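What follows is the content of model_4.txt, which has compact mmCIF, C-alpha atoms and all ligand atoms:
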```
# COMPACT_ATOMS: atom_id res chain seq x y z
CA MET A 51 -11.24 13.11 -29.40
CA PRO A 52 -7.62 12.98 -28.35
CA PRO A 53 -5.22 14.64 -30.82
CA ALA A 54 -3.89 12.25 -33.46
CA LYS A 55 -0.56 10.52 -32.80
CA GLY A 56 2.39 12.73 -33.63
CA GLU A 57 0.20 15.77 -34.15
CA LYS A 58 1.45 18.91 -32.37
CA ALA A 59 -1.97 20.11 -31.38
CA GLU A 60 -2.34 23.86 -30.86
CA VAL A 61 -5.85 23.55 -29.47
CA PHE A 62 -6.52 21.88 -26.13
CA ARG A 63 -8.86 18.92 -25.78
CA LYS A 64 -12.07 19.96 -24.08
CA ASN A 65 -13.48 17.42 -21.59
CA ALA A 66 -10.25 15.43 -21.63
CA PRO A 67 -10.14 12.67 -18.99
CA ALA A 68 -7.03 14.32 -17.53
CA GLN A 69 -8.05 17.88 -16.63
CA TYR A 70 -5.27 20.37 -16.00
CA THR A 71 -7.07 22.45 -13.39
CA SER A 72 -4.55 24.72 -11.71
CA ALA A 73 -0.95 25.80 -11.81
CA LEU A 74 0.91 26.65 -8.64
CA PHE A 75 4.20 28.52 -8.57
CA THR A 76 6.43 28.88 -5.56
CA SER A 77 9.94 29.38 -4.28
CA HIS A 78 11.47 26.29 -2.67
CA VAL A 79 13.98 27.84 -0.24
CA PRO A 80 15.53 25.07 1.93
CA ALA A 81 15.42 27.25 5.07
CA ILE A 82 11.59 27.28 4.77
CA GLY A 83 11.64 23.50 5.21
CA ALA A 84 14.04 23.83 8.14
CA ALA A 85 11.75 26.46 9.75
CA MET A 86 8.87 23.99 9.55
CA ASP A 87 10.90 21.00 10.69
CA LEU A 88 12.35 22.90 13.67
CA GLY A 89 9.04 24.48 14.75
CA LYS A 90 10.00 28.08 13.94
CA THR A 91 6.99 29.04 11.84
CA GLU A 92 5.56 31.34 14.52
CA GLU A 93 8.73 33.41 14.76
CA PRO A 94 8.07 36.90 13.31
CA TYR A 95 10.60 36.45 10.51
CA TRP A 96 9.00 33.23 9.30
CA LYS A 97 5.40 34.17 10.10
CA LYS A 98 5.58 36.78 7.33
CA VAL A 99 6.70 34.14 4.85
CA PHE A 100 4.07 31.58 5.85
CA SER A 101 1.28 34.18 5.86
CA GLY A 102 1.48 34.12 2.08
CA TYR A 103 0.61 30.42 2.06
CA GLU A 104 -2.41 30.49 4.39
CA TRP A 105 -4.78 31.08 1.49
CA THR A 106 -3.12 28.31 -0.46
CA ARG A 107 -3.37 25.75 2.33
CA GLN A 108 -7.10 26.37 2.57
CA TRP A 109 -7.45 26.27 -1.21
CA ALA A 110 -5.42 23.04 -1.35
CA LYS A 111 -7.84 21.35 1.06
CA GLU A 112 -10.73 22.20 -1.23
CA ASN A 113 -8.92 21.56 -4.52
CA LYS A 114 -7.11 18.28 -4.16
CA PRO A 115 -5.74 16.96 -7.44
CA ASP A 116 -5.13 13.27 -8.08
CA VAL A 117 -1.62 14.05 -9.17
CA VAL A 118 0.83 16.93 -9.17
CA ILE A 119 3.43 17.17 -11.90
CA LEU A 120 6.02 18.94 -9.82
CA VAL A 121 8.61 20.85 -11.82
CA TYR A 122 11.68 21.65 -9.76
CA ASN A 123 15.43 21.48 -9.94
CA ASP A 124 17.69 19.09 -8.18
CA HIS A 125 20.57 20.77 -6.33
CA ALA A 126 23.39 18.29 -7.02
CA THR A 127 21.60 15.88 -4.69
CA ALA A 128 20.28 13.12 -6.95
CA PHE A 129 22.54 14.15 -9.83
CA ASP A 130 26.03 15.58 -9.81
CA SER A 131 28.75 16.29 -12.34
CA SER A 132 28.92 12.60 -13.22
CA ILE A 133 25.60 12.87 -15.09
CA ILE A 134 23.81 16.06 -16.08
CA PRO A 135 20.38 15.36 -17.58
CA THR A 136 18.62 18.50 -18.78
CA PHE A 137 15.06 17.25 -18.20
CA VAL A 138 14.32 14.30 -15.91
CA LEU A 139 10.88 12.72 -15.72
CA GLY A 140 10.33 10.59 -12.63
CA THR A 141 8.68 7.38 -13.79
CA GLY A 142 9.08 5.49 -10.52
CA ALA A 143 6.61 4.45 -7.84
CA GLU A 144 8.38 6.04 -4.88
CA TYR A 145 11.04 8.67 -4.21
CA PRO A 146 12.86 8.71 -0.87
CA VAL A 147 13.59 12.07 0.71
CA ALA A 148 17.27 12.93 0.29
CA ASP A 149 19.81 13.55 2.98
CA GLU A 150 21.09 17.01 2.06
CA GLY A 151 23.76 17.12 4.72
CA TYR A 152 21.73 17.42 7.93
CA GLY A 153 19.88 14.13 7.56
CA PRO A 154 16.74 13.68 5.45
CA ARG A 155 13.90 16.11 6.23
CA PRO A 156 11.38 14.40 8.55
CA VAL A 157 8.64 14.29 5.91
CA PRO A 158 7.00 11.40 4.04
CA ASP A 159 8.60 9.83 1.03
CA VAL A 160 6.94 10.83 -2.22
CA LYS A 161 4.65 8.45 -4.11
CA GLY A 162 4.80 8.54 -7.90
CA TYR A 163 2.34 7.64 -10.62
CA PRO A 164 4.21 5.28 -12.97
CA GLU A 165 1.26 4.70 -15.36
CA LEU A 166 0.69 8.38 -16.07
CA ALA A 167 4.43 9.09 -16.10
CA ALA A 168 4.98 6.34 -18.70
CA HIS A 169 2.21 7.82 -20.83
CA ILE A 170 3.76 11.30 -20.55
CA ALA A 171 7.18 9.89 -21.42
CA GLN A 172 5.82 8.20 -24.56
CA SER A 173 3.98 11.30 -25.74
CA VAL A 174 6.60 13.90 -24.87
CA ILE A 175 9.50 11.93 -26.35
CA GLN A 176 7.51 11.38 -29.54
CA ASP A 177 6.88 15.14 -29.41
CA ASP A 178 10.66 15.57 -29.88
CA PHE A 179 11.78 16.14 -26.26
CA ASP A 180 14.53 13.75 -25.26
CA LEU A 181 13.62 13.31 -21.61
CA THR A 182 15.76 11.29 -19.25
CA LEU A 183 13.52 8.74 -17.54
CA VAL A 184 14.45 7.96 -13.96
CA ASN A 185 12.78 5.20 -11.97
CA GLU A 186 14.90 5.52 -8.86
CA MET A 187 16.04 8.78 -7.34
CA VAL A 188 15.97 10.76 -4.14
CA VAL A 189 14.22 14.11 -4.02
CA ASP A 190 15.63 17.20 -2.31
CA HIS A 191 14.21 20.46 -0.91
CA GLY A 192 13.38 21.61 -4.44
CA LEU A 193 10.51 19.12 -4.37
CA THR A 194 9.74 18.60 -0.68
CA VAL A 195 9.61 22.27 0.42
CA PRO A 196 6.78 23.14 -2.01
CA LEU A 197 4.84 20.08 -0.77
CA SER A 198 5.36 21.21 2.83
CA LEU A 199 4.34 24.79 2.03
CA VAL A 200 1.07 23.62 0.48
CA TYR A 201 0.18 20.60 2.63
CA GLY A 202 1.71 21.66 5.96
CA GLU A 203 3.51 19.61 8.59
CA LEU A 204 3.36 15.85 8.05
CA ASP A 205 5.23 13.11 9.88
CA PRO A 206 7.49 10.74 7.94
CA GLU A 207 4.99 7.91 8.48
CA ASP A 208 2.11 9.99 7.03
CA GLU A 209 1.37 10.19 3.31
CA TRP A 210 1.33 13.26 1.11
CA PRO A 211 -2.28 13.71 -0.05
CA VAL A 212 -1.30 13.55 -3.74
CA LYS A 213 0.71 11.44 -6.09
CA VAL A 214 3.65 13.31 -7.56
CA ILE A 215 5.40 13.03 -10.90
CA PRO A 216 8.75 14.78 -10.45
CA LEU A 217 10.04 16.76 -13.43
CA ALA A 218 13.55 18.00 -12.72
CA VAL A 219 15.18 20.70 -14.84
CA ASN A 220 18.94 21.17 -14.78
CA VAL A 221 19.67 24.78 -13.86
CA VAL A 222 22.66 24.00 -11.66
CA GLN A 223 25.31 22.91 -14.14
CA TYR A 224 25.79 24.83 -17.38
CA PRO A 225 24.54 24.69 -20.07
CA VAL A 226 20.99 25.25 -18.82
CA PRO A 227 17.84 25.07 -20.97
CA SER A 228 16.29 28.32 -22.16
CA GLY A 229 12.97 29.69 -20.95
CA ARG A 230 11.71 29.05 -24.47
CA ARG A 231 12.63 25.36 -24.26
CA CYS A 232 10.90 25.05 -20.89
CA TYR A 233 7.78 26.73 -22.23
CA GLU A 234 7.77 24.35 -25.22
CA LEU A 235 8.17 21.38 -22.86
CA GLY A 236 5.09 22.66 -21.06
CA LYS A 237 3.21 22.58 -24.34
CA ALA A 238 4.36 19.02 -25.01
CA LEU A 239 3.29 18.07 -21.51
CA ARG A 240 -0.19 19.44 -22.09
CA ARG A 241 -0.46 17.54 -25.36
CA ALA A 242 0.49 14.40 -23.43
CA LEU A 243 -2.22 15.04 -20.81
CA ASP A 244 -4.74 15.63 -23.56
CA LYS A 245 -3.93 12.24 -25.08
CA TRP A 246 -4.53 10.37 -21.81
CA ASP A 247 -7.52 8.03 -22.12
CA GLY A 248 -7.17 6.38 -18.72
CA PRO A 249 -9.23 7.18 -15.63
CA GLU A 250 -10.44 10.73 -15.07
CA LEU A 251 -7.78 12.78 -13.34
CA ASN A 252 -7.53 16.19 -11.78
CA VAL A 253 -3.99 17.31 -12.57
CA GLN A 254 -2.06 20.26 -11.22
CA ILE A 255 1.32 21.37 -12.51
CA TRP A 256 3.60 23.20 -10.11
CA GLY A 257 6.57 25.34 -11.08
CA THR A 258 9.07 25.85 -8.29
CA GLY A 259 12.35 27.63 -7.62
CA GLY A 260 13.55 31.21 -7.56
CA MET A 261 12.90 34.06 -7.21
CA SER A 262 15.93 36.33 -7.40
CA HIS A 263 18.87 35.03 -5.43
CA GLN A 264 22.59 34.55 -5.70
CA LEU A 265 24.31 32.36 -3.15
CA GLN A 266 27.97 32.88 -4.00
CA GLY A 267 30.51 35.33 -5.40
CA PRO A 268 30.72 39.13 -5.18
CA ARG A 269 26.99 39.53 -5.83
CA ALA A 270 25.91 37.04 -3.13
CA GLY A 271 22.70 38.25 -1.49
CA LEU A 272 21.37 39.93 -4.65
CA ILE A 273 17.60 40.45 -4.68
CA ASN A 274 15.79 42.40 -7.41
CA GLU A 275 12.19 43.12 -6.40
CA GLU A 276 11.36 45.13 -9.49
CA TRP A 277 12.57 42.45 -11.86
CA ASP A 278 10.86 39.65 -9.87
CA ASN A 279 7.53 41.43 -10.09
CA ALA A 280 8.01 42.11 -13.80
CA PHE A 281 8.62 38.37 -14.19
CA LEU A 282 5.39 37.58 -12.31
CA ASP A 283 3.45 40.10 -14.44
CA HIS A 284 4.78 38.59 -17.67
CA LEU A 285 4.26 35.03 -16.48
CA ILE A 286 0.61 35.87 -15.88
CA ALA A 287 -0.16 37.98 -18.94
CA ASP A 288 2.48 37.24 -21.57
CA PRO A 289 4.25 33.91 -21.05
CA LEU A 290 5.17 33.60 -24.73
CA GLY A 291 6.80 37.06 -24.59
CA LEU A 292 8.67 35.92 -21.50
CA THR A 293 10.35 33.22 -23.56
CA ASP A 294 12.35 36.00 -25.30
CA TRP A 295 14.26 36.57 -22.06
CA ASP A 296 17.44 34.56 -22.47
CA HIS A 297 19.27 32.88 -19.63
CA MET A 298 21.74 35.75 -19.13
CA GLU A 299 18.80 38.09 -18.48
CA TYR A 300 17.85 35.88 -15.51
CA VAL A 301 21.42 35.69 -14.26
CA ASP A 302 22.18 39.40 -14.72
CA GLU A 303 18.94 40.62 -13.18
CA ALA A 304 17.94 37.87 -10.73
CA GLY A 305 21.31 36.38 -9.80
CA SER A 306 22.95 33.09 -10.66
CA GLU A 307 20.27 31.08 -8.83
CA GLY A 308 17.44 33.25 -10.19
CA ILE A 309 17.74 31.05 -13.28
CA GLU A 310 15.60 28.54 -11.35
CA LEU A 311 12.64 30.62 -12.56
CA VAL A 312 12.75 28.98 -15.99
CA ASP A 313 11.19 25.96 -14.21
CA TRP A 314 7.99 28.01 -13.88
CA LEU A 315 7.53 28.31 -17.65
CA ILE A 316 6.73 24.62 -18.02
CA ALA A 317 3.56 24.84 -15.93
CA ARG A 318 2.54 28.09 -17.62
CA GLY A 319 3.16 26.84 -21.19
CA ALA A 320 0.72 23.99 -20.56
CA MET A 321 -2.26 26.23 -19.69
CA ASP A 322 -5.44 26.54 -21.78
CA ASP A 323 -4.72 30.05 -23.10
CA GLN A 324 -1.53 28.79 -24.77
CA PHE A 325 -3.82 26.45 -26.74
CA GLN A 326 -6.36 29.02 -27.90
CA GLY A 327 -8.39 28.76 -24.70
CA ASP A 328 -9.34 31.57 -22.36
CA ALA A 329 -6.98 33.25 -19.94
CA PRO A 330 -6.49 31.65 -16.54
CA SER A 331 -7.66 33.31 -13.33
CA VAL A 332 -5.04 34.57 -10.92
CA ASP A 333 -6.39 33.18 -7.67
CA HIS A 334 -3.56 34.18 -5.37
CA ARG A 335 -0.37 36.22 -5.61
CA PHE A 336 2.26 36.74 -2.95
CA TYR A 337 5.71 38.27 -2.93
CA HIS A 338 7.92 38.75 0.08
CA VAL A 339 11.53 39.67 0.82
CA PRO A 340 13.49 38.02 2.33
CA ALA A 341 13.42 34.35 3.16
CA SER A 342 16.94 33.15 3.70
CA ASN A 343 18.89 34.59 0.75
CA THR A 344 15.97 34.96 -1.61
CA ALA A 345 12.79 36.71 -2.50
CA VAL A 346 9.75 34.47 -2.10
CA GLY A 347 7.25 34.44 -4.94
CA HIS A 348 4.03 32.48 -5.10
CA LEU A 349 1.10 32.30 -7.52
CA VAL A 350 -1.94 30.11 -7.92
CA MET A 351 -3.60 30.27 -11.33
CA SER A 352 -6.50 28.20 -12.66
CA ASN A 353 -7.69 27.26 -16.10
CA PRO A 354 -11.21 28.56 -16.85
CA GLY A 355 -12.82 25.12 -16.58
CA ALA A 356 -11.40 24.40 -13.12
CA PRO A 357 -13.87 24.09 -10.25
CA LYS A 358 -13.96 27.35 -8.31
CA ASN A 359 -13.50 26.34 -4.70
CA ALA A 360 -11.66 29.49 -3.73
CA PRO A 361 -11.38 30.27 -0.03
CA ALA A 362 -13.52 33.28 0.89
CA ASN A 363 -10.73 35.06 2.70
CA THR A 364 -8.50 36.68 0.11
CA ALA A 365 -6.79 39.00 2.58
CA ALA A 366 -3.48 37.30 1.99
CA ASN A 367 -3.87 38.06 -1.69
CA THR A 368 -2.14 41.40 -1.57
CA PRO A 369 1.44 41.43 -2.75
CA ASP A 370 3.63 41.86 0.31
CA GLN A 371 6.63 44.02 -0.42
CA ASN A 372 8.27 43.79 3.01
C1 LIG A 401 18.79 29.00 -0.90
C2 LIG A 401 17.75 29.06 -1.83
C3 LIG A 401 17.59 28.05 -2.75
O1 LIG A 401 16.62 28.04 -3.72
C4 LIG A 401 18.44 26.97 -2.74
O2 LIG A 401 18.20 25.99 -3.61
C5 LIG A 401 19.47 26.90 -1.81
C6 LIG A 401 19.65 27.92 -0.90
C7 LIG A 401 18.97 30.08 0.12
O3 LIG A 401 18.18 31.03 0.18
O4 LIG A 401 19.90 30.00 0.91
FE FE A 402 16.95 26.14 -5.34
```

Would it be possible to restate this file's structure as structure tokens?
Amino acid sequence: MPPAKGEKAEVFRKNAPAQYTSALFTSHVPAIGAAMDLGKTEEPYWKKVFSGYEWTRQWAKENKPDVVILVYNDHATAFDSSIIPTFVLGTGAEYPVADEGYGPRPVPDVKGYPELAAHIAQSVIQDDFDLTLVNEMVVDHGLTVPLSLVYGELDPEDEWPVKVIPLAVNVVQYPVPSGRRCYELGKALRRALDKWDGPELNVQIWGTGGMSHQLQGPRAGLINEEWDNAFLDHLIADPLGLTDWDHMEYVDEAGSEGIELVDWLIARGAMDDQFQGDAPSVDHRFYHVPASNTAVGHLVMSNPGAPKNAPANTAANTPDQN
């Protein structure tokens, strides 16, 4: 049975038509997209970065969801100081790739899932989150670089293999939402999925952005490997505890752009173990410094009920501290 209307369920719905199978977390560094678009992935500098995604690309071929709810942050591309929505849910059918100053990336436009997005909007807004619903917007590297990392090089006339519901979090213009608020949005999102009584769906939620980086000011270039790895450890084992870290903790320790990591808490807050289910598996973990001005972090985690189509080769599964 789906949870009753208005009920803030604390237990997940077993055998729900919409199954949240896996969460994927990754940095979304724009230079990674440029490296792919300009054919530089075999250069030693970039090879090290992409090596951490080889496992994932294989896994992604064997674990194709119907839809990805892709949590990211816009970088003053679709939104600017004229309108600053804290949480944007993309309810449209299609999202063109933005021109971020060098022309749009040569990748396919992104196809949405308006029916599921409308259902999520209804449920999450009734669950007391005042989302901004956006039918028309462009999407920047925050959304396209994770798709490229997971699904590889595609031409603009190709199609991404999944539908995408964009969920954009404002972490660019203050005030930003807290990690706690993002985690709670994740819980509301899971309740929305559990109420879906449409066709059966395999759903993944991705959290993107981070890890530590600061692009401007006296601390530009800051990277904090110890803190990043503590964040990953807590995200895996103690996401609720992680919500005690306030936004200044992220900024002090991980730099002004490290705040992007709050995006990751939405995907994690929606997992089974936050609804009295069992702990997720950690299928893949990767950490590497540097890529452009940041540390790259990447995790794939699956809910216990998810099909286990893990690639045999887990060699890339060792954290890379270079
Ligand atoms: C860089 C990283 C980002 O996440 C971003 O949004 C912009 C720039 C960088 O490393 O330069
Ligand atoms: Fe960013």

- Task: With all atoms listed in the file counted, collect every polymer residue having an atom within 10 Å of ligand LIG 401 (chain A); state the result as JSON, numbers by chain.
- Result: {"A": [77, 78, 79, 80, 81, 82, 122, 123, 124, 125, 126, 190, 191, 192, 195, 222, 258, 259, 260, 261, 262, 263, 264, 265, 266, 271, 307, 308, 310, 340, 341, 342, 343, 344, 345, 346]}

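Note that atom CA of Asp296 of chain A and atom CA of Tyr224 of chain A are 13.8 Å apart.
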
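Taking atom CA of Asn252 of chain A and atom CA of Glu203 of chain A as the two end points, the separation is 23.4 Å.
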
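Closest to Leu282 of chain A among A:Pro268, A:Trp105, A:Gly347, A:Pro211 is A:Gly347, based on all atoms listed in the file.
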
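Taking atom CA of Trp295 of chain A and atom CA of Val99 of chain A as endpoints, the distance between them is 28.1 Å.
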
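Considering the residues A:Ala148, A:Phe75, A:Lys213, A:Tyr95 and counting all atoms listed in the file, Ile286 of chain A has its shortest atom-to-atom contact with A:Phe75.
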
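Closest to Phe336 of chain A among A:Gly305, A:Pro227, A:Gly153, A:Gly102 is A:Gly102, based on all atoms listed in the file.
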
- Query: So, counting only C-alpha atoms and all ligand atoms, which residue among A:Pro249, A:Gly319, A:Gly257, A:Pro115 is closest to ligand FE 402 (chain A)?
  - Reply: A:Gly257

- Message: Give me the residues near Asp205 of chain A as a ChimeraX atom specification, where near means some atom within 7 Å (using all atoms listed in the file) and where sequence neighbours in that chain fewer than 3 positions away do not count.
- Response: /A:156-158,208
